$ cat input.cif   # mmCIF, C-alpha atoms
data_work
loop_
_atom_site.group_PDB
_atom_site.id
_atom_site.type_symbol
_atom_site.label_atom_id
_atom_site.label_comp_id
_atom_site.auth_asym_id
_atom_site.auth_seq_id
_atom_site.Cartn_x
_atom_site.Cartn_y
_atom_site.Cartn_z
ATOM 1 C CA MET A 1 -4.754 -3.560 -3.499
ATOM 2 C CA LEU A 2 -7.471 -0.958 -3.078
ATOM 3 C CA ALA A 3 -7.461 -0.568 0.665
ATOM 4 C CA SER A 4 -3.702 -0.452 0.692
ATOM 5 C CA ARG A 5 -3.940 3.045 -0.763
ATOM 6 C CA PHE A 6 -6.418 4.240 1.851
ATOM 7 C CA LEU A 7 -3.741 6.325 3.549
ATOM 8 C CA HIS A 8 -2.064 7.776 0.494
ATOM 9 C CA ILE A 9 -0.645 10.832 2.228
ATOM 10 C CA PRO A 10 2.843 11.840 1.111
ATOM 11 C CA ALA A 11 5.606 12.303 3.657
ATOM 12 C CA PRO A 12 5.424 15.805 5.163
ATOM 13 C CA PRO A 13 7.721 18.442 3.647
ATOM 14 C CA GLY A 14 11.166 18.411 5.232
ATOM 15 C CA THR A 15 11.189 14.732 6.218
ATOM 16 C CA ARG A 16 14.046 12.515 5.184
ATOM 17 C CA SER A 17 12.123 9.386 4.248
ATOM 18 C CA GLY A 18 13.333 7.270 1.378
ATOM 19 C CA PRO A 19 11.309 4.532 -0.211
ATOM 20 C CA THR A 20 8.355 6.234 1.498
ATOM 21 C CA ASP A 21 -2.472 -13.494 -2.638
ATOM 22 C CA ALA A 22 -4.883 -22.919 -3.899
ATOM 23 C CA PRO A 23 -2.114 -24.822 -2.735
ATOM 24 C CA ASP A 24 1.463 -23.587 -2.839
ATOM 25 C CA THR A 25 2.927 -24.597 -6.194
ATOM 26 C CA ARG A 26 5.907 -22.294 -6.309
ATOM 27 C CA THR A 27 9.042 -23.511 -8.039
ATOM 28 C CA PRO A 28 12.297 -23.867 -6.080
ATOM 29 C CA ALA A 29 13.467 -20.510 -7.491
ATOM 30 C CA SER A 30 10.340 -18.659 -6.395
ATOM 31 C CA SER A 31 10.503 -20.386 -3.027
ATOM 32 C CA ALA A 32 14.014 -19.054 -2.635
ATOM 33 C CA SER A 33 12.815 -15.536 -3.352
ATOM 34 C CA GLY A 34 10.007 -16.090 -0.867
ATOM 35 C CA ASN A 35 12.590 -17.093 1.736
ATOM 36 C CA LEU A 36 14.464 -13.893 1.007
ATOM 37 C CA LEU A 37 11.382 -11.790 1.621
ATOM 38 C CA ARG A 38 10.535 -13.696 4.780
ATOM 39 C CA ALA A 39 14.036 -12.884 5.928
ATOM 40 C CA ALA A 40 13.237 -9.250 5.219
ATOM 41 C CA VAL A 41 10.187 -9.532 7.484
ATOM 42 C CA ALA A 42 12.408 -10.915 10.232
ATOM 43 C CA ALA A 43 14.871 -8.102 9.689
ATOM 44 C CA VAL A 44 12.119 -5.537 10.095
ATOM 45 C CA ALA A 45 11.026 -7.127 13.358
ATOM 46 C CA LEU A 46 14.572 -7.560 14.664
ATOM 47 C CA GLY A 47 15.443 -4.016 13.716
ATOM 48 C CA ALA A 48 12.531 -2.722 15.745
ATOM 49 C CA LEU A 49 13.843 -4.685 18.743
ATOM 50 C CA ALA A 50 17.510 -3.926 18.261
ATOM 51 C CA TRP A 51 17.334 -0.165 17.872
ATOM 52 C CA PRO A 52 14.892 1.127 20.518
ATOM 53 C CA ALA A 53 17.451 3.543 21.967
ATOM 54 C CA ALA A 54 18.343 4.898 18.538
ATOM 55 C CA TRP A 55 14.714 5.733 17.853
ATOM 56 C CA ALA A 56 14.971 8.590 20.349
ATOM 57 C CA GLN A 57 17.270 10.597 18.069
ATOM 58 C CA ASP A 58 18.455 10.713 14.500
ATOM 59 C CA GLY A 59 21.914 9.818 13.247
ATOM 60 C CA ASN A 60 23.218 13.371 13.765
ATOM 61 C CA GLY A 61 22.175 13.477 17.407
ATOM 62 C CA GLY A 62 19.121 15.613 16.716
ATOM 63 C CA PRO A 63 15.557 14.832 17.729
ATOM 64 C CA SER A 64 13.385 12.491 15.766
ATOM 65 C CA GLN A 65 10.316 13.829 14.027
ATOM 66 C CA TRP A 66 6.935 12.753 15.382
ATOM 67 C CA GLY A 67 3.483 13.407 14.020
ATOM 68 C CA LEU A 68 -0.110 12.492 14.846
ATOM 69 C CA GLY A 69 -3.271 12.978 12.860
ATOM 70 C CA LEU A 70 -6.405 11.449 11.395
ATOM 71 C CA ALA A 71 -7.248 10.045 7.980
ATOM 72 C CA LEU A 72 -10.682 9.554 6.433
ATOM 73 C CA GLY A 73 -11.328 7.933 3.113
ATOM 74 C CA THR A 74 -13.601 5.992 0.860
ATOM 75 C CA GLU A 75 -12.908 3.961 -2.258
ATOM 76 C CA ARG A 76 -15.510 2.229 -4.379
ATOM 77 C CA ALA A 77 -14.819 -1.480 -4.206
ATOM 78 C CA PRO A 78 -15.004 -3.369 -7.508
ATOM 79 C CA TYR A 79 -17.200 -6.135 -6.074
ATOM 80 C CA ARG A 80 -20.833 -6.346 -7.188
ATOM 81 C CA ASP A 81 -23.389 -4.617 -4.932
ATOM 82 C CA PHE A 82 -20.672 -3.951 -2.344
ATOM 83 C CA HIS A 83 -21.563 -1.842 0.704
ATOM 84 C CA ASN A 84 -18.932 0.894 0.524
ATOM 85 C CA LYS A 85 -18.030 2.669 3.737
ATOM 86 C CA VAL A 86 -16.154 5.751 4.869
ATOM 87 C CA ARG A 87 -13.201 4.614 6.963
ATOM 88 C CA GLY A 88 -11.402 6.561 9.639
ATOM 89 C CA LEU A 89 -8.002 5.715 11.060
ATOM 90 C CA PRO A 90 -5.476 7.430 13.327
ATOM 91 C CA LEU A 91 -2.438 8.639 11.416
ATOM 92 C CA ILE A 92 0.985 8.136 13.009
ATOM 93 C CA HIS A 93 4.202 9.511 11.577
ATOM 94 C CA PHE A 94 7.738 8.873 12.852
ATOM 95 C CA GLU A 95 11.009 9.637 11.113
ATOM 96 C CA ASN A 96 14.725 9.432 11.862
ATOM 97 C CA ARG A 97 17.870 8.245 10.112
ATOM 98 C CA TRP A 98 17.067 4.551 10.493
ATOM 99 C CA VAL A 99 13.294 4.184 10.324
ATOM 100 C CA SER A 100 10.235 5.818 8.817
ATOM 101 C CA VAL A 101 6.615 5.197 9.800
ATOM 102 C CA LEU A 102 3.661 6.742 8.004
ATOM 103 C CA GLY A 103 0.195 5.284 8.424
ATOM 104 C CA PRO A 104 0.218 1.523 7.768
ATOM 105 C CA SER A 105 3.819 1.364 6.500
ATOM 106 C CA LEU A 106 7.127 0.845 8.320
ATOM 107 C CA ASP A 107 10.450 1.270 6.526
ATOM 108 C CA ILE A 108 13.843 0.261 7.863
ATOM 109 C CA LYS A 109 16.318 2.245 5.800
ATOM 110 C CA LEU A 110 19.218 0.569 4.058
ATOM 111 C CA PRO A 111 22.411 2.136 2.689
ATOM 112 C CA SER A 112 21.655 4.004 -0.524
ATOM 113 C CA ALA A 113 22.754 2.704 -3.913
ATOM 114 C CA GLY A 114 24.078 5.938 -5.368
ATOM 115 C CA PRO A 115 21.091 8.285 -5.828
ATOM 116 C CA VAL A 116 18.583 5.489 -5.063
ATOM 117 C CA ALA A 117 17.289 5.225 -1.486
ATOM 118 C CA LEU A 118 16.556 1.664 -0.351
ATOM 119 C CA ALA A 119 14.515 0.222 2.505
ATOM 120 C CA LEU A 120 13.007 -2.924 3.955
ATOM 121 C CA ARG A 121 9.260 -2.322 4.067
ATOM 122 C CA ALA A 122 6.431 -3.785 6.157
ATOM 123 C CA HIS A 123 2.900 -2.746 5.193
ATOM 124 C CA TYR A 124 -0.599 -3.577 6.430
ATOM 125 C CA SER A 125 -3.238 -3.753 3.717
ATOM 126 C CA GLY A 126 -6.874 -3.811 4.807
ATOM 127 C CA GLU A 127 -8.286 -5.348 1.637
ATOM 128 C CA GLY A 128 -10.675 -8.277 1.595
ATOM 129 C CA TYR A 129 -14.355 -8.849 2.334
ATOM 130 C CA LYS A 130 -16.950 -10.790 4.276
ATOM 131 C CA ALA A 131 -19.962 -12.507 2.683
ATOM 132 C CA GLU A 132 -22.303 -10.010 4.339
ATOM 133 C CA ASP A 133 -20.616 -7.089 2.585
ATOM 134 C CA SER A 134 -22.678 -7.756 -0.541
ATOM 135 C CA PRO A 135 -25.724 -9.899 -1.432
ATOM 136 C CA TYR A 136 -23.727 -11.191 -4.395
ATOM 137 C CA LEU A 137 -20.984 -12.468 -2.057
ATOM 138 C CA ALA A 138 -23.382 -14.723 -0.121
ATOM 139 C CA GLY A 139 -21.807 -18.161 0.158
ATOM 140 C CA MET A 140 -18.264 -16.878 -0.358
ATOM 141 C CA ASP A 141 -15.589 -17.538 2.238
ATOM 142 C CA GLU A 142 -14.100 -14.521 3.958
ATOM 143 C CA ARG A 143 -11.069 -12.959 2.330
ATOM 144 C CA LYS A 144 -8.822 -11.505 5.020
ATOM 145 C CA ALA A 145 -6.459 -8.541 5.157
ATOM 146 C CA SER A 146 -2.716 -9.198 5.115
ATOM 147 C CA PHE A 147 0.631 -7.915 6.246
ATOM 148 C CA TRP A 148 3.068 -7.457 3.376
ATOM 149 C CA ALA A 149 6.843 -7.178 3.479
ATOM 150 C CA GLY A 150 9.648 -6.700 1.017
ATOM 151 C CA LEU A 151 11.926 -4.139 -0.565
ATOM 152 C CA ALA A 152 11.336 -0.519 -1.616
ATOM 153 C CA ALA A 153 13.380 1.979 -3.610
ATOM 154 C CA THR A 154 13.078 5.678 -4.431
ATOM 155 C CA TRP A 155 15.029 7.769 -6.920
ATOM 156 C CA ARG A 156 14.485 11.511 -6.514
ATOM 157 C CA THR A 157 15.461 13.894 -9.308
ATOM 158 C CA ASP A 158 14.763 17.538 -10.136
ATOM 159 C CA VAL A 159 12.298 16.429 -12.813
ATOM 160 C CA VAL A 160 10.429 13.446 -11.352
ATOM 161 C CA ASN A 161 10.513 11.013 -8.449
ATOM 162 C CA VAL A 162 10.493 7.336 -9.366
ATOM 163 C CA SER A 163 9.676 4.749 -6.718
ATOM 164 C CA GLY A 164 8.958 1.051 -6.566
ATOM 165 C CA GLU A 165 8.253 -1.737 -4.135
ATOM 166 C CA TRP A 166 8.265 -5.538 -4.253
ATOM 167 C CA LEU A 167 6.112 -7.046 -1.525
ATOM 168 C CA GLU A 168 5.123 -10.573 -0.539
ATOM 169 C CA ASP A 169 2.156 -11.621 1.581
ATOM 170 C CA ALA A 170 3.890 -12.191 4.919
ATOM 171 C CA SER A 171 0.611 -13.295 6.540
ATOM 172 C CA GLY A 172 0.256 -16.215 4.128
ATOM 173 C CA LYS A 173 -3.388 -15.429 3.328
ATOM 174 C CA SER A 174 -2.992 -15.301 -0.441
ATOM 175 C CA LYS A 175 0.679 -16.392 -0.705
ATOM 176 C CA GLY A 176 0.795 -13.679 -3.358
ATOM 177 C CA ARG A 177 3.216 -11.079 -4.547
ATOM 178 C CA LYS A 178 2.804 -7.447 -5.649
ATOM 179 C CA ILE A 179 5.035 -4.978 -7.477
ATOM 180 C CA ARG A 180 4.384 -1.253 -7.759
ATOM 181 C CA LEU A 181 6.147 1.301 -9.960
ATOM 182 C CA GLN A 182 5.279 4.970 -9.571
ATOM 183 C CA ALA A 183 6.312 8.338 -10.990
ATOM 184 C CA ASP A 184 5.322 11.563 -9.258
ATOM 185 C CA ARG A 185 6.378 15.169 -8.856
ATOM 186 C CA ARG A 186 5.626 17.701 -6.140
ATOM 187 C CA PHE A 187 4.870 21.334 -7.009
ATOM 188 C CA GLN A 188 4.797 24.106 -4.387
ATOM 189 C CA HIS A 189 2.666 27.238 -4.605
ATOM 190 C CA GLY A 190 2.526 29.296 -1.413
ATOM 191 C CA ALA A 191 0.936 27.232 1.339
ATOM 192 C CA PHE A 192 -0.282 24.655 -1.189
ATOM 193 C CA ASP A 193 1.532 21.711 -2.704
ATOM 194 C CA PHE A 194 0.362 19.508 -5.558
ATOM 195 C CA THR A 195 1.674 16.008 -6.281
ATOM 196 C CA PRO A 196 0.326 14.265 -9.390
ATOM 197 C CA ARG A 197 1.267 10.597 -9.809
ATOM 198 C CA LEU A 198 1.039 7.738 -12.263
ATOM 199 C CA ALA A 199 1.479 4.189 -10.978
ATOM 200 C CA ALA A 200 1.360 0.632 -12.272
ATOM 201 C CA HIS A 201 0.355 -2.107 -9.793
ATOM 202 C CA TRP A 202 1.185 -5.696 -10.766
ATOM 203 C CA ALA A 203 -0.315 -8.550 -8.751
ATOM 204 C CA ASP A 204 0.430 -12.215 -9.347
ATOM 205 C CA SER A 205 -2.166 -14.922 -9.984
ATOM 206 C CA LYS A 206 -2.184 -16.066 -6.339
ATOM 207 C CA TYR A 207 -3.152 -12.597 -5.118
ATOM 208 C CA VAL A 208 -5.854 -12.169 -7.790
ATOM 209 C CA ASP A 209 -7.184 -15.688 -7.225
ATOM 210 C CA TYR A 210 -7.480 -15.140 -3.468
ATOM 211 C CA TYR A 211 -9.265 -11.775 -3.583
ATOM 212 C CA TYR A 212 -11.162 -12.094 -6.889
ATOM 213 C CA GLY A 213 -11.336 -15.819 -7.584
ATOM 214 C CA VAL A 214 -14.343 -18.120 -7.001
ATOM 215 C CA LYS A 215 -13.648 -21.636 -5.735
ATOM 216 C CA SER A 216 -15.746 -24.535 -7.035
ATOM 217 C CA SER A 217 -17.344 -24.828 -3.580
ATOM 218 C CA GLU A 218 -18.373 -21.159 -3.813
ATOM 219 C CA ALA A 219 -19.829 -21.344 -7.341
ATOM 220 C CA ARG A 220 -23.563 -20.753 -7.784
ATOM 221 C CA PRO A 221 -25.849 -20.634 -10.857
ATOM 222 C CA GLN A 222 -25.371 -16.861 -10.928
ATOM 223 C CA ARG A 223 -21.689 -17.008 -10.008
ATOM 224 C CA ARG A 224 -19.355 -19.231 -12.003
ATOM 225 C CA ALA A 225 -16.097 -20.610 -10.678
ATOM 226 C CA TYR A 226 -13.093 -18.486 -11.575
ATOM 227 C CA ARG A 227 -9.358 -18.910 -11.115
ATOM 228 C CA GLY A 228 -7.627 -15.542 -11.104
ATOM 229 C CA ASP A 229 -4.844 -14.509 -13.450
ATOM 230 C CA ALA A 230 -2.062 -12.012 -12.835
ATOM 231 C CA SER A 231 -3.158 -8.435 -13.419
ATOM 232 C CA VAL A 232 -1.676 -4.973 -13.992
ATOM 233 C CA ASN A 233 -3.758 -2.080 -12.689
ATOM 234 C CA MET A 234 -3.022 1.519 -13.726
ATOM 235 C CA GLU A 235 -3.555 4.357 -11.262
ATOM 236 C CA LEU A 236 -3.738 8.112 -11.814
ATOM 237 C CA GLY A 237 -3.866 10.303 -8.730
ATOM 238 C CA LEU A 238 -3.395 13.767 -7.301
ATOM 239 C CA SER A 239 -2.550 14.754 -3.737
ATOM 240 C CA VAL A 240 -3.112 18.342 -2.628
ATOM 241 C CA GLY A 241 -1.636 19.587 0.628
ATOM 242 C CA TYR A 242 -2.216 22.810 2.530
ATOM 243 C CA ALA A 243 -0.087 24.129 5.387
ATOM 244 C CA LEU A 244 -2.462 25.312 8.123
ATOM 245 C CA ALA A 245 0.506 26.316 10.281
ATOM 246 C CA PRO A 246 4.264 25.675 10.211
ATOM 247 C CA ARG A 247 3.803 22.150 11.650
ATOM 248 C CA GLN A 248 0.197 21.382 10.721
ATOM 249 C CA SER A 249 -1.107 20.318 7.332
ATOM 250 C CA ILE A 250 -4.110 18.787 5.624
ATOM 251 C CA HIS A 251 -4.047 16.612 2.514
ATOM 252 C CA VAL A 252 -6.728 15.659 0.018
ATOM 253 C CA ASP A 253 -6.003 12.759 -2.305
ATOM 254 C CA ILE A 254 -8.103 11.673 -5.270
ATOM 255 C CA SER A 255 -7.365 8.704 -7.507
ATOM 256 C CA THR A 256 -8.789 6.554 -10.256
ATOM 257 C CA THR A 257 -7.611 3.003 -10.959
ATOM 258 C CA HIS A 258 -8.249 0.971 -14.100
ATOM 259 C CA PHE A 259 -8.204 -2.791 -13.492
ATOM 260 C CA GLY A 260 -6.298 -5.290 -15.561
ATOM 261 C CA SER A 261 -8.001 -8.204 -17.309
ATOM 262 C CA GLY A 262 -7.233 -10.688 -14.511
ATOM 263 C CA ILE A 263 -9.503 -8.719 -12.180
ATOM 264 C CA LYS A 264 -12.057 -7.472 -14.718
ATOM 265 C CA LYS A 265 -12.826 -11.065 -15.828
ATOM 266 C CA SER A 266 -13.798 -12.087 -12.300
ATOM 267 C CA PRO A 267 -17.546 -12.763 -11.857
ATOM 268 C CA LEU A 268 -17.279 -10.886 -8.547
ATOM 269 C CA VAL A 269 -16.436 -7.634 -10.337
ATOM 270 C CA ASP A 270 -18.881 -5.399 -12.179
ATOM 271 C CA ARG A 271 -16.743 -2.421 -13.195
ATOM 272 C CA ALA A 272 -13.538 -1.736 -15.054
ATOM 273 C CA SER A 273 -12.267 0.994 -12.746
ATOM 274 C CA THR A 274 -12.711 2.549 -9.343
ATOM 275 C CA ASN A 275 -12.278 5.966 -7.730
ATOM 276 C CA GLY A 276 -11.125 6.951 -4.270
ATOM 277 C CA VAL A 277 -11.063 10.065 -2.096
ATOM 278 C CA ARG A 278 -8.989 10.448 1.056
ATOM 279 C CA LEU A 279 -8.577 13.304 3.545
ATOM 280 C CA GLY A 280 -5.851 13.555 6.163
ATOM 281 C CA TYR A 281 -4.698 15.913 8.886
ATOM 282 C CA LEU A 282 -1.185 15.725 10.368
ATOM 283 C CA HIS A 283 0.419 17.634 13.247
ATOM 284 C CA LEU A 284 4.211 17.427 13.578
ATOM 285 C CA PHE A 285 5.761 17.809 17.049
#
$ encode --input "input.cif" --output "structure tokens"
Amino acid sequence: MLASRFLHIPAPPGTRSGPTDAPDTRTPASSASGNLLRAAVAAVALGALAWPAAWAQDGNGGPSQWGLGLALGTERAPYRDFHNKVRGLPLIHFENRWVSVLGPSLDIKLPSAGPVALALRAHYSGEGYKAEDSPYLAGMDERKASFWAGLAATWRTDVVNVSGEWLEDASGKSKGRKIRLQADRRFQHGAFDFTPRLAAHWADSKYVDYYYGVKSSEARPQRRAYRGDASVNMELGLSVGYALAPRQSIHVDISTTHFGSGIKKSPLVDRASTNGVRLGYLHLF
């Protein structure tokens, strides 16, 4: 959940993007919803194969928008004595009528529902840890990063933008599910733009148990066993952009996230909140 926000850089001005983790004990109803989301993953993959020619231009016959850049960021992990690092990743942006790519997310756009833009979304989240990342994690099994897929929606108004996404762990690492609801608004002042946001991140018990739980085989005298509960984390953030040139921009994003009780109760966690800082540069062609 933390690393998934590493590349929190809003879509560049002028783009047309829309809607920019124990054994499996799911009930038949939840299994059906899981099948639906797995179908969405397949649709994302098939769409990428079926529309290669269309990617060369947008729906009006004009050129697609391409962008390349670099993102750097650091976010204090909630785990005890964790070795935090500054991460650097290439930033790729692509946009046309059918698809949108920004950083670790791929959207295949669906027909809008009135004023609400809809999309199938695939997203790579680099969360997780290895035992060597912290002395306190010694004896813990590795928790791996996952690919997530599902549905996204965005409603843009003159007052506020409201967006949401419902994602399922398509990699099967946690077998979890996440829902995000966010409100933000962009303000322009000369070459600067400011986008404050407020977001709620819900994660089910499978996600929390995978990334913050402690199995009985991992328990130690100083680390009790823990089975994770669903959690709602609240995030407050601000992204500031500056136009270096007509097609070049830099973005600085700062955020603070307060963890819900399902995460805070974990013996692996020693803080109630975390902060993050990210810097990105993007050149549009």
$ closest_residue --input "input.cif" --among "A:Arg180, A:Ser255, A:His83, A:Ala170" --to "Ala131 (chain A)" --atoms "all atoms listed in the file"
A:His83
$ residues_around --input "input.cif" --residues "Gly280 (chain A)" --least-positions-apart "5" --cutoff "6 Å" --atoms "only C-alpha atoms" --output "ChimeraX atom specification"
/A:70-71,250-251
$ resolve_selection --input "input.cif" --expression "the PyMOL selection byres ((chain A and resi 222) around 12)" --output "NGL selection string"
:A and (135-139 or 214 or 218-221 or 223-225 or 267-268)
$ resolve_selection --input "input.cif" --expression "the PyMOL selection byres ((chain A and resi 258) around 9)" --output "ChimeraX atom specification"
/A:232-236,256-257,259-260,272-274
$ closest_residue --input "input.cif" --among "A:Gly103, A:Gly128, A:Pro111, A:Gly88" --to "Leu68 (chain A)" --atoms "only C-alpha atoms"
A:Gly103
$ atom_distance --input "input.cif" --atom1 "CA of Arg197 (chain A)" --atom2 "CA of Arg87 (chain A)"
22.9 Å
$ build_atoms --input "input.cif" --residues "region 81-112 of chain A" --atoms "N, CA and C atoms" --output "tab-separated table (two decimals), in the coordinates of the input"
chain	number	residue	atom	x	y	z
A	81	ASP	N	-22.45	-4.99	-6.00
A	81	ASP	CA	-23.39	-4.62	-4.93
A	81	ASP	C	-22.70	-4.50	-3.57
A	82	PHE	N	-21.46	-4.04	-3.57
A	82	PHE	CA	-20.67	-3.95	-2.34
A	82	PHE	C	-21.10	-2.74	-1.53
A	83	HIS	N	-21.18	-2.94	-0.18
A	83	HIS	CA	-21.56	-1.84	0.70
A	83	HIS	C	-20.32	-1.02	1.03
A	84	ASN	N	-20.10	0.05	0.30
A	84	ASN	CA	-18.93	0.89	0.52
A	84	ASN	C	-19.10	1.73	1.78
A	85	LYS	N	-18.00	1.94	2.47
A	85	LYS	CA	-18.03	2.67	3.74
A	85	LYS	C	-16.95	3.74	3.76
A	86	VAL	N	-17.19	4.77	4.57
A	86	VAL	CA	-16.15	5.75	4.87
A	86	VAL	C	-15.35	5.22	6.06
A	87	ARG	N	-14.06	5.14	5.91
A	87	ARG	CA	-13.20	4.61	6.96
A	87	ARG	C	-12.41	5.74	7.61
A	88	GLY	N	-12.21	5.61	8.90
A	88	GLY	CA	-11.40	6.56	9.64
A	88	GLY	C	-10.33	5.84	10.43
A	89	LEU	N	-9.11	6.34	10.37
A	89	LEU	CA	-8.00	5.72	11.06
A	89	LEU	C	-7.09	6.78	11.66
A	90	PRO	N	-6.49	6.51	12.82
A	90	PRO	CA	-5.48	7.43	13.33
A	90	PRO	C	-4.26	7.40	12.42
A	91	LEU	N	-3.61	8.52	12.28
A	91	LEU	CA	-2.44	8.64	11.42
A	91	LEU	C	-1.22	8.91	12.29
A	92	ILE	N	-0.23	8.01	12.22
A	92	ILE	CA	0.98	8.14	13.01
A	92	ILE	C	2.18	8.30	12.07
A	93	HIS	N	2.99	9.29	12.37
A	93	HIS	CA	4.20	9.51	11.58
A	93	HIS	C	5.41	9.55	12.50
A	94	PHE	N	6.48	8.84	12.12
A	94	PHE	CA	7.74	8.87	12.85
A	94	PHE	C	8.88	8.79	11.85
A	95	GLU	N	9.91	9.58	12.07
A	95	GLU	CA	11.01	9.64	11.11
A	95	GLU	C	12.33	9.90	11.81
A	96	ASN	N	13.35	9.09	11.53
A	96	ASN	CA	14.72	9.43	11.86
A	96	ASN	C	15.65	8.82	10.83
A	97	ARG	N	16.92	8.72	11.11
A	97	ARG	CA	17.87	8.24	10.11
A	97	ARG	C	17.66	6.78	9.75
A	98	TRP	N	17.14	6.00	10.69
A	98	TRP	CA	17.07	4.55	10.49
A	98	TRP	C	15.69	4.03	10.09
A	99	VAL	N	14.64	4.69	10.57
A	99	VAL	CA	13.29	4.18	10.32
A	99	VAL	C	12.36	5.29	9.88
A	100	SER	N	11.29	4.89	9.21
A	100	SER	CA	10.24	5.82	8.82
A	100	SER	C	8.89	5.11	8.95
A	101	VAL	N	7.96	5.73	9.64
A	101	VAL	CA	6.62	5.20	9.80
A	101	VAL	C	5.63	6.24	9.32
A	102	LEU	N	4.74	5.86	8.44
A	102	LEU	CA	3.66	6.74	8.00
A	102	LEU	C	2.44	5.89	7.74
A	103	GLY	N	1.41	6.07	8.58
A	103	GLY	CA	0.20	5.28	8.42
A	103	GLY	C	0.48	3.81	8.60
A	104	PRO	N	0.08	2.98	7.62
A	104	PRO	CA	0.22	1.52	7.77
A	104	PRO	C	1.55	0.97	7.29
A	105	SER	N	2.54	1.83	7.04
A	105	SER	CA	3.82	1.36	6.50
A	105	SER	C	4.97	1.65	7.44
A	106	LEU	N	5.89	0.69	7.56
A	106	LEU	CA	7.13	0.84	8.32
A	106	LEU	C	8.30	0.53	7.40
A	107	ASP	N	9.23	1.47	7.29
A	107	ASP	CA	10.45	1.27	6.53
A	107	ASP	C	11.65	1.23	7.46
A	108	ILE	N	12.52	0.25	7.25
A	108	ILE	CA	13.84	0.26	7.86
A	108	ILE	C	14.82	0.59	6.75
A	109	LYS	N	15.50	1.72	6.89
A	109	LYS	CA	16.32	2.24	5.80
A	109	LYS	C	17.63	1.47	5.65
A	110	LEU	N	17.99	1.24	4.41
A	110	LEU	CA	19.22	0.57	4.06
A	110	LEU	C	20.20	1.59	3.47
A	111	PRO	N	21.47	1.24	3.38
A	111	PRO	CA	22.41	2.14	2.69
A	111	PRO	C	21.96	2.40	1.26
A	112	SER	N	22.08	3.64	0.82
A	112	SER	CA	21.66	4.00	-0.52
A	112	SER	C	22.57	3.39	-1.58
